[in-house]
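The file model.txt comes next; it holds compact mmCIF, C-alpha atoms.
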```txt
# COMPACT_ATOMS: atom_id res chain seq x y z
CA PHE A 1 38.41 40.03 73.63
CA PHE A 2 36.14 42.07 75.92
CA SER A 3 38.04 42.94 79.06
CA GLY A 4 37.00 44.37 82.43
CA SER A 5 37.94 43.65 86.01
CA ALA A 6 36.86 40.91 88.37
CA PHE A 7 38.50 38.48 90.76
CA GLY A 8 38.88 34.97 89.46
CA MET A 9 40.72 31.73 89.87
CA ALA A 10 41.56 29.05 87.35
CA MET A 11 39.22 26.09 87.19
CA LYS A 12 38.67 23.05 85.06
CA GLU A 13 36.33 23.91 82.20
CA PRO A 14 33.33 21.64 81.54
CA GLU A 15 33.09 19.82 78.23
CA ILE A 16 31.59 21.80 75.37
CA CYS A 17 28.10 20.66 74.33
CA HIS A 18 27.15 21.76 70.83
CA PRO A 19 26.21 20.50 67.39
CA ALA A 20 28.93 19.16 65.12
CA SER A 21 31.23 21.84 63.74
CA PRO A 22 30.76 22.85 60.11
CA SER A 23 33.32 21.86 57.51
CA ALA A 24 36.04 24.32 56.56
CA HIS A 25 34.23 25.10 53.29
CA ASP A 26 31.07 26.27 55.10
CA VAL A 27 32.78 28.71 57.49
CA LYS A 28 33.00 32.37 56.49
CA GLU A 29 35.57 34.57 58.15
CA VAL A 30 34.02 36.78 60.83
CA LYS A 31 35.03 40.42 60.52
CA SER A 32 32.88 41.80 63.34
CA VAL A 33 31.12 40.63 66.49
CA GLN A 34 27.77 42.09 67.55
CA ILE A 35 26.78 41.45 71.17
CA GLU A 36 23.28 41.98 72.56
CA GLY A 37 23.23 44.29 75.59
CA LEU A 38 21.44 41.67 77.71
CA VAL A 39 24.29 39.21 77.07
CA VAL A 40 26.84 41.70 78.42
CA LEU A 41 24.66 42.49 81.45
CA LYS A 42 24.16 38.79 82.26
CA MET A 43 27.88 38.13 81.90
CA VAL A 44 28.85 41.05 84.16
CA ASP A 45 26.27 40.04 86.79
CA HIS A 46 27.47 36.41 86.78
CA CYS A 47 31.15 37.37 86.98
CA GLN A 48 30.62 39.84 89.84
CA SER A 49 28.35 37.52 91.82
CA SER A 50 30.85 34.64 91.57
CA LEU A 51 33.70 36.47 93.25
CA PRO A 52 36.28 35.30 94.22
CA GLN A 53 35.78 32.22 92.01
CA MET A 54 36.28 32.30 88.25
CA ALA A 55 32.95 32.53 86.44
CA THR A 56 32.45 30.99 83.00
CA GLY A 57 29.54 30.65 80.65
CA GLN A 58 28.36 29.75 77.16
CA LEU A 59 27.80 32.33 74.40
CA LEU A 60 25.09 31.53 71.86
CA GLY A 61 24.22 33.14 68.56
CA LEU A 62 24.52 33.02 64.79
CA ASP A 63 26.95 33.74 61.95
CA VAL A 64 25.24 36.24 59.68
CA GLY A 65 27.48 36.98 56.72
CA SER A 66 30.74 38.32 58.10
CA THR A 67 29.16 39.23 61.46
CA LEU A 68 28.98 36.96 64.48
CA GLU A 69 25.84 37.86 66.44
CA VAL A 70 25.93 36.91 70.13
CA THR A 71 22.27 36.86 71.14
CA ALA A 72 22.12 34.76 74.33
CA SER A 73 24.25 33.31 77.10
CA PHE A 74 24.02 31.17 80.20
CA PRO A 75 26.43 30.52 83.08
CA PHE A 76 28.21 27.24 83.63
CA ILE A 77 27.78 25.62 87.02
CA HIS A 78 30.88 25.47 89.17
CA ARG A 79 31.18 23.16 92.14
CA GLU A 80 34.23 22.17 94.06
CA ASN A 81 33.94 18.76 95.68
CA ASP A 82 36.09 19.83 98.64
CA LYS A 83 33.56 22.46 99.79
CA PRO A 84 31.45 21.73 102.87
CA GLY A 85 27.92 20.66 102.00
CA TYR A 86 28.83 18.94 98.75
CA PRO A 87 28.94 15.18 98.66
CA ASP A 88 32.32 13.59 98.03
CA VAL A 89 32.00 12.79 94.33
CA GLY A 90 34.67 12.27 91.71
CA ASP A 91 35.59 14.49 88.77
CA GLU A 92 33.67 12.21 86.41
CA GLU A 93 30.45 12.81 88.34
CA LEU A 94 30.99 16.59 88.31
CA ASP A 95 31.76 16.51 84.57
CA ARG A 96 28.58 14.50 83.93
CA GLU A 97 26.51 16.99 85.93
CA ALA A 98 28.02 19.89 83.97
CA ARG A 99 27.30 18.19 80.61
CA ASP A 100 23.73 17.40 81.67
CA TYR A 101 23.21 20.99 82.79
CA GLN A 102 24.49 22.36 79.48
CA TYR A 103 22.33 19.94 77.51
CA GLU A 104 19.20 20.87 79.49
CA MET A 105 19.90 24.61 79.13
CA LEU A 106 20.34 24.31 75.36
CA LYS A 107 17.19 22.16 75.12
CA SER A 108 15.19 24.69 77.17
CA LEU A 109 16.43 27.61 75.07
CA ARG A 110 15.58 25.78 71.86
CA GLU A 111 12.03 25.17 73.15
CA VAL A 112 11.45 28.92 73.61
CA ASN A 113 12.96 29.72 70.19
CA VAL A 114 16.24 31.30 71.38
CA ASP A 115 19.35 30.98 69.23
CA CYS A 116 21.12 27.98 70.70
CA ASN A 117 24.20 27.64 68.52
CA ALA A 118 27.38 27.79 70.57
CA VAL A 119 29.63 30.59 69.29
CA GLY A 120 32.05 30.86 72.20
CA TRP A 121 32.36 31.36 75.93
CA TYR A 122 33.00 34.01 78.55
CA CYS A 123 35.03 34.12 81.74
CA SER A 124 35.98 36.45 84.54
CA ILE A 125 39.63 37.37 84.94
CA TRP A 126 41.79 38.96 87.57
CA GLN A 127 45.06 40.75 86.91
CA GLU A 128 46.74 38.68 84.21
CA GLY A 129 44.41 35.67 84.54
CA TYR A 130 43.65 35.76 80.83
CA LEU A 131 47.18 34.47 80.22
CA SER A 132 46.61 31.25 82.17
CA SER A 133 47.02 27.90 80.45
CA THR A 134 43.41 27.01 81.36
CA VAL A 135 42.01 29.97 79.41
CA ILE A 136 44.27 29.30 76.43
CA GLU A 137 43.47 25.56 76.39
CA THR A 138 39.74 26.23 76.67
CA GLN A 139 39.83 28.70 73.75
CA TYR A 140 41.81 26.16 71.73
CA ASP A 141 39.16 23.51 72.46
CA TYR A 142 36.38 25.87 71.38
CA GLN A 143 38.17 26.75 68.15
CA LYS A 144 38.88 23.08 67.48
CA GLU A 145 35.21 22.14 68.00
CA LEU A 146 33.41 25.24 66.66
CA GLY A 147 35.91 26.54 64.13
CA SER A 148 38.20 29.54 64.02
CA ASN A 149 35.29 31.97 64.59
CA ALA A 150 34.77 30.85 68.21
CA ILE A 151 35.14 33.80 70.57
CA CYS A 152 35.98 34.41 74.21
CA LEU A 153 34.71 37.42 76.13
CA MET A 154 36.58 38.33 79.30
CA PHE A 155 35.40 40.51 82.15
```
If you convert what's in this file into structure tokens, what do you get?
Amino acid sequence: FFSGSAFGMAMKEPEICHPASPSAHDVKEVKSVQIEGLVVLKMVDHCQSSLPQMATGQLLGLDVGSTLEVTASFPFIHRENDKPGYPDVGDEELDREARDYQYEMLKSLREVNVDCNAVGWYCSIWQEGYLSSTVIETQYDYQKELGSNAICLMF
């Protein structure tokens, strides 16, 4: 885990949009993670600009041998339907919007030849926020869908 400091609050995580996970025979154990500097800068900027809300985003990259290369990222949208200015829509509508956003981001990145394989996610934390059930459940979902090499970076 990458850890820093930021204010954050627990939130419901959007559904993960990615290609089907490889079979257990195809997955090599990752021994190291290499993160592009721009990914870290984008994550830090998103987490700090989202205060006091929890910021989350998708990490994209490739497995190269025993190294997981994180080469790109994008933030997840976060909307609360009880905020002024937002229409009164249900959770299903917000989930659909989040899935559509993720799909369009991955499609756009693919069109400009950016690695668009989901390898994990990032989130902002505050105090002991990384111990919340939401964070643990989200990481479990990523590992279930992407395999045991799915990572979580925390700031």
If you take all atoms listed in the file and a cut-off of 10 Å, which residues of stretch 98-122 of chain A touch stretch 57-72 of chain A, and what are their nearest atom pairs and distances in Å to one decimal, in chain and number order, as a Markdown table?
```
| residue | atom | partner | partner_atom | distance |
| --- | --- | --- | --- | --- |
| A:Gln102 | CA | A:Gln58 | CA | 8.7 |
| A:Leu106 | CA | A:Leu60 | CA | 9.3 |
| A:Leu109 | CA | A:Ala72 | CA | 9.2 |
| A:Val114 | CA | A:Ala72 | CA | 7.4 |
| A:Asp115 | CA | A:Gly61 | CA | 5.4 |
| A:Cys116 | CA | A:Leu60 | CA | 5.5 |
| A:Asn117 | CA | A:Leu60 | CA | 5.2 |
| A:Ala118 | CA | A:Leu60 | CA | 4.6 |
| A:Val119 | CA | A:Leu60 | CA | 5.3 |
| A:Gly120 | CA | A:Leu59 | CA | 5.0 |
| A:Trp121 | CA | A:Gln58 | CA | 4.5 |
| A:Tyr122 | CA | A:Gly57 | CA | 5.3 |
```
My list of candidates is A:Asp141, A:Cys152, A:Leu94, A:Gly147. Which is closest to A:Lys28 when distances are computed with all atoms listed in the file?
A:Gly147
May I have the protein, DNA and RNA residues with any atom at most 12 Å from the point (20.3, 23.7, 80.0), counting all atoms listed in the file, written as number ranges by chain?
A: 17-18, 57-58, 73-77, 97-111, 116
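The residue that comes closest to A:Ser32, out of A:Thr134, A:Cys123, A:Tyr140, A:Asn149 and on the basis of all atoms listed in the file, is A:Asn149.
Each of A:Ala55, A:Met43, A:Gln143, A:Val112 was compared to A:Trp126 using all atoms listed in the file, and A:Ala55 turns out to be the nearest.
Rounded to one decimal, atom CA of A:Glu145 and atom CA of A:Asp95 lie 17.8 Å from each other.
Between atom CA of A:Thr138 and atom CA of A:Ile125 there is a distance of 13.9 Å.
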Can you tell me how far atom CA of A:Ser124 sits from atom CA of A:Leu146, in Å to one decimal?
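These two atoms are separated by 21.3 Å.
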Nearest to A:Ile35, chosen from A:Cys47, A:Glu137, A:Leu153, A:Glu92, with all atoms listed in the file counted in the distances:
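Among A:Cys47, A:Glu137, A:Leu153, A:Glu92, it is A:Leu153 that comes nearest to A:Ile35.
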May I have the protein, DNA and RNA residues with any atom at most 9 Å from the point (30.7, 42.8, 85.2), counting all atoms listed in the file, written as number ranges by chain?
A: 4-6, 40-49, 124, 155
Residue nearest A:Leu131 among A:Glu36, A:Val30, A:Asn113, A:Met154 (counting all atoms listed in the file)
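Checking each candidate against A:Leu131, we get A:Met154 as the closest.
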